[in-house]
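S.K.: Pasting a structure here, questions to come.
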Amino acid sequence: MKKKKVIGSLLLLMVIIGFGCKTDTRKKPSETSFEIKGSNWNDFEGGLVEIYVSDTTVGGGTLKAKAIIKKGEFICSGTIKHPQNAIISVKQGDSYKLKDIIILEPGTLDITYQPNNQRISKIAVSGGKYNEIVRNKVFNDPECLAKEKASYKYSATLNEEDQKDRIKMQKDMALSRAYYDARFKKYKEIRDNHPDPFARLLAIAYSRMGIDTKTESELLDLKAQLGSVPELEELLYNLRSSRMRAQNFKKVTLGTTIKDFAAKDLIGTEFHLADVLKKNKYVLVEFWASWCSPCRAEIPYMKKTYEKYKNRGFEIVSFTLDHEKHRWEKASQEEDIPWINVGDMLAYKSPVVKMYGIGGVPMNYLVNSDGTIVATNLRQEKLDQKLEELLEK
């Protein structure tokens, strides 16, 4: 349950944008150096620390710095044009052991791992103007801290059986919501009152709970003050794209006709979905990515079903949301994917992804030869059960 709590909390935070200083915001900034020092990371000895910021060209991230943990410490450095929200992660082998949010900005940041604190975030960050103004001000606010600990403490007591108990889960959700409501309140104070427009912009990124016209209006007001800074433009783009995806997603549903697309596989062969439909009774259109653990966890189930029905008029077309071909290729080889496996390396900015309104993966559609969607989001044994129902008639 602790891991689920951490993942769920990080998902609410992971709108990644960047920030700069108020002065000279309309001038082209020069790159500025940063240094990150880590201490008390002994639990991850030998692990690889990576610092990523959002990629403004695709929906993924750009690696800004990395280092190996030695004797519980690490140092990494690089350059950055604007202070930005960033993901710090620790990888041991093929598994990520920790992911958290920091603000990457010029100067020196000290990051201490605190494994025993009863908090969702296990790191303490010191140094840096915006880490203090935004991140630490809210994370260490007494009201937020008390509600976070209450939520964390209760969640830590729940086991798998408890997760089936509706009353206990309702209490868990209520405590979690109380924490996020308290945090939203503090971010809103920064959004509404702080004199630094970049601090207000950063607070919007941390506190945005949904897509609304008020948030877009705030961003347009900031744009009038700051000019067209890349981070603000990206957040505006994300807001508008999310709205468009939500609208398109509603159009791709049971009983509607699937939208056709063309894409290439790893060796450059182009496939048209319409052509695949003509040759099969049913086709599963699966959206996935190499970095998506739930997606990859589904593949063994899909392979069993594929082997069972591939000679009975069933095919799979998987479309990756990766933006780096080598990662897509590596994952495809590791999973030994036997079906049609295509992509365009544009991640969430892919025209195909936009057309389907895909906001997260995994997601799939089961389609008949006429192009009609007969089922959606079939997971694990449900795909096999649905095909058995359809093909055994």
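Residues are referred to by chain and number: the chain letter is A, B, ... according to the order shown in the structure tokens, the number counts from 1 in that chain, and ligands are numbered separately from 1 in the order shown.
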Quick one: residues within 7 Å of range 295-312 of chain A, only C-alpha atoms counted, chain neighbours fewer than 4 positions away excluded, as a VMD selection string?

M.R.: chain A and resid 288 to 289 361 to 362 379 to 381 384

S.K.: Let me see the file: selected residues, N, CA, C and O atoms, as a PDB file, in the first residue's frame.

M.R.:
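Done, and the output landed in result.pdb:
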```pdb
ATOM      1  N   TRP A 288       0.750   1.431 -25.695  1.00  0.00           N
ATOM      2  CA  TRP A 288       1.650   1.050 -24.614  1.00  0.00           C
ATOM      3  C   TRP A 288       2.924   1.889 -24.707  1.00  0.00           C
ATOM      4  O   TRP A 288       3.054   2.770 -25.555  1.00  0.00           O
ATOM      5  N   ALA A 289       3.909   1.608 -23.833  1.00  0.00           N
ATOM      6  CA  ALA A 289       5.223   2.252 -23.896  1.00  0.00           C
ATOM      7  C   ALA A 289       6.215   1.415 -23.105  1.00  0.00           C
ATOM      8  O   ALA A 289       5.837   0.696 -22.169  1.00  0.00           O
ATOM      9  N   VAL A 361      -1.499   5.250 -20.594  1.00  0.00           N
ATOM     10  CA  VAL A 361      -1.394   3.865 -21.053  1.00  0.00           C
ATOM     11  C   VAL A 361      -1.247   2.941 -19.841  1.00  0.00           C
ATOM     12  O   VAL A 361      -0.797   3.383 -18.782  1.00  0.00           O
ATOM     13  N   PRO A 362      -1.665   1.657 -19.983  1.00  0.00           N
ATOM     14  CA  PRO A 362      -2.161   1.003 -21.188  1.00  0.00           C
ATOM     15  C   PRO A 362      -3.613   1.357 -21.512  1.00  0.00           C
ATOM     16  O   PRO A 362      -4.389   1.705 -20.628  1.00  0.00           O
ATOM     17  N   ARG A 379      -8.229  -6.310 -20.015  1.00  0.00           N
ATOM     18  CA  ARG A 379      -7.003  -6.593 -19.280  1.00  0.00           C
ATOM     19  C   ARG A 379      -6.958  -8.043 -18.810  1.00  0.00           C
ATOM     20  O   ARG A 379      -7.986  -8.636 -18.455  1.00  0.00           O
ATOM     21  N   GLN A 380      -5.749  -8.572 -18.819  1.00  0.00           N
ATOM     22  CA  GLN A 380      -5.471  -9.924 -18.342  1.00  0.00           C
ATOM     23  C   GLN A 380      -6.431 -10.941 -18.984  1.00  0.00           C
ATOM     24  O   GLN A 380      -6.552 -10.972 -20.207  1.00  0.00           O
ATOM     25  N   GLU A 381      -7.112 -11.758 -18.192  1.00  0.00           N
ATOM     26  CA  GLU A 381      -7.927 -12.834 -18.744  1.00  0.00           C
ATOM     27  C   GLU A 381      -9.159 -12.327 -19.495  1.00  0.00           C
ATOM     28  O   GLU A 381      -9.786 -13.081 -20.250  1.00  0.00           O
ATOM     29  N   ASP A 384      -8.979 -12.810 -23.298  1.00  0.00           N
ATOM     30  CA  ASP A 384      -9.200 -14.206 -23.687  1.00  0.00           C
ATOM     31  C   ASP A 384     -10.688 -14.555 -23.589  1.00  0.00           C
ATOM     32  O   ASP A 384     -11.258 -15.205 -24.477  1.00  0.00           O
TER      33      ASP A 384
END
```

S.K.: Using only C-alpha atoms, which protein or nucleic acid residues come within 8 Å of range 343-348 of chain A? Drop anything in the same chain fewer than 6 positions from it, and give the result as a list of chain:residue names.

M.R.: A:Val58, A:Gly59, A:Gly60, A:Ala263, A:Lys264, A:Asp265, A:Phe319, A:Thr320, A:Leu321, A:Asp322, A:His323, A:Glu324, A:Lys325, A:Lys354, A:Ile358, A:Gly359

S.K.: Choose the residue, out of A:Pro106, A:Gly371, A:Gly255, A:Gly93, that has the smallest atom-to-atom separation from Lys81 in chain A; count only C-alpha atoms.

M.R.: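 Using only C-alpha atoms, the shortest distance to Lys81 in chain A belongs to A:Pro106.
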
S.K.: Hey, what's within 12 Å of Met244 in chain A if we count only C-alpha atoms and toss same-chain stuff fewer than 6 positions away? As a compact mmCIF listing (two decimals) with N, CA, C and O atoms, in the first residue's frame, please?

M.R.:
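Done, and the output landed in selection-v1.txt:
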```txt
# COMPACT_ATOMS: atom_id res chain seq x y z
N ILE A 211 -8.44 20.43 -15.65
CA ILE A 211 -8.38 21.35 -16.77
C ILE A 211 -9.54 22.31 -16.65
O ILE A 211 -10.69 21.91 -16.66
N TYR A 237 0.18 24.51 -23.75
CA TYR A 237 0.02 23.44 -24.74
C TYR A 237 -0.57 22.20 -24.08
O TYR A 237 -1.48 21.56 -24.62
N ASN A 238 -0.05 21.84 -22.91
CA ASN A 238 -0.54 20.65 -22.21
C ASN A 238 -2.01 20.78 -21.82
O ASN A 238 -2.78 19.83 -21.92
N LYS A 250 -13.78 10.68 -26.03
CA LYS A 250 -15.21 10.41 -25.94
C LYS A 250 -15.78 9.90 -27.26
O LYS A 250 -16.83 9.25 -27.29
N LYS A 251 -15.09 10.21 -28.36
CA LYS A 251 -15.57 9.81 -29.69
C LYS A 251 -15.15 8.40 -30.06
O LYS A 251 -15.66 7.83 -31.02
N LYS A 349 2.65 13.62 -28.33
CA LYS A 349 2.45 14.58 -29.40
C LYS A 349 2.20 13.90 -30.74
O LYS A 349 2.09 14.54 -31.77
N PRO A 351 0.26 12.37 -33.76
CA PRO A 351 -1.08 12.60 -34.33
C PRO A 351 -2.02 11.43 -34.05
O PRO A 351 -3.22 11.63 -33.86
N VAL A 353 -1.93 9.39 -31.36
CA VAL A 353 -2.31 9.47 -29.94
C VAL A 353 -3.33 10.57 -29.73
O VAL A 353 -4.31 10.40 -28.98
N LYS A 354 -3.13 11.71 -30.38
CA LYS A 354 -4.08 12.81 -30.26
C LYS A 354 -5.44 12.42 -30.84
O LYS A 354 -6.49 12.73 -30.27
N MET A 355 -5.40 11.76 -31.99
CA MET A 355 -6.64 11.38 -32.67
C MET A 355 -7.50 10.46 -31.80
O MET A 355 -8.73 10.57 -31.78
N TYR A 356 -6.84 9.56 -31.08
CA TYR A 356 -7.57 8.64 -30.20
C TYR A 356 -7.85 9.25 -28.83
O TYR A 356 -8.59 8.67 -28.03
N GLY A 357 -7.22 10.38 -28.51
CA GLY A 357 -7.44 11.01 -27.22
C GLY A 357 -6.79 10.25 -26.08
O GLY A 357 -7.28 10.30 -24.94
N ILE A 358 -5.68 9.56 -26.35
CA ILE A 358 -5.03 8.76 -25.32
C ILE A 358 -4.35 9.67 -24.31
O ILE A 358 -3.45 10.43 -24.64
N GLY A 359 -4.79 9.59 -23.06
CA GLY A 359 -4.20 10.40 -21.99
C GLY A 359 -3.31 9.60 -21.06
O GLY A 359 -2.65 10.15 -20.20
```

S.K.: To one decimal place in Å, what is the distance between CA of Ser290 in chain A and CA of Ser89 in chain A?

M.R.: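 Separation of CA of Ser290 in chain A and CA of Ser89 in chain A: 16.7 Å.
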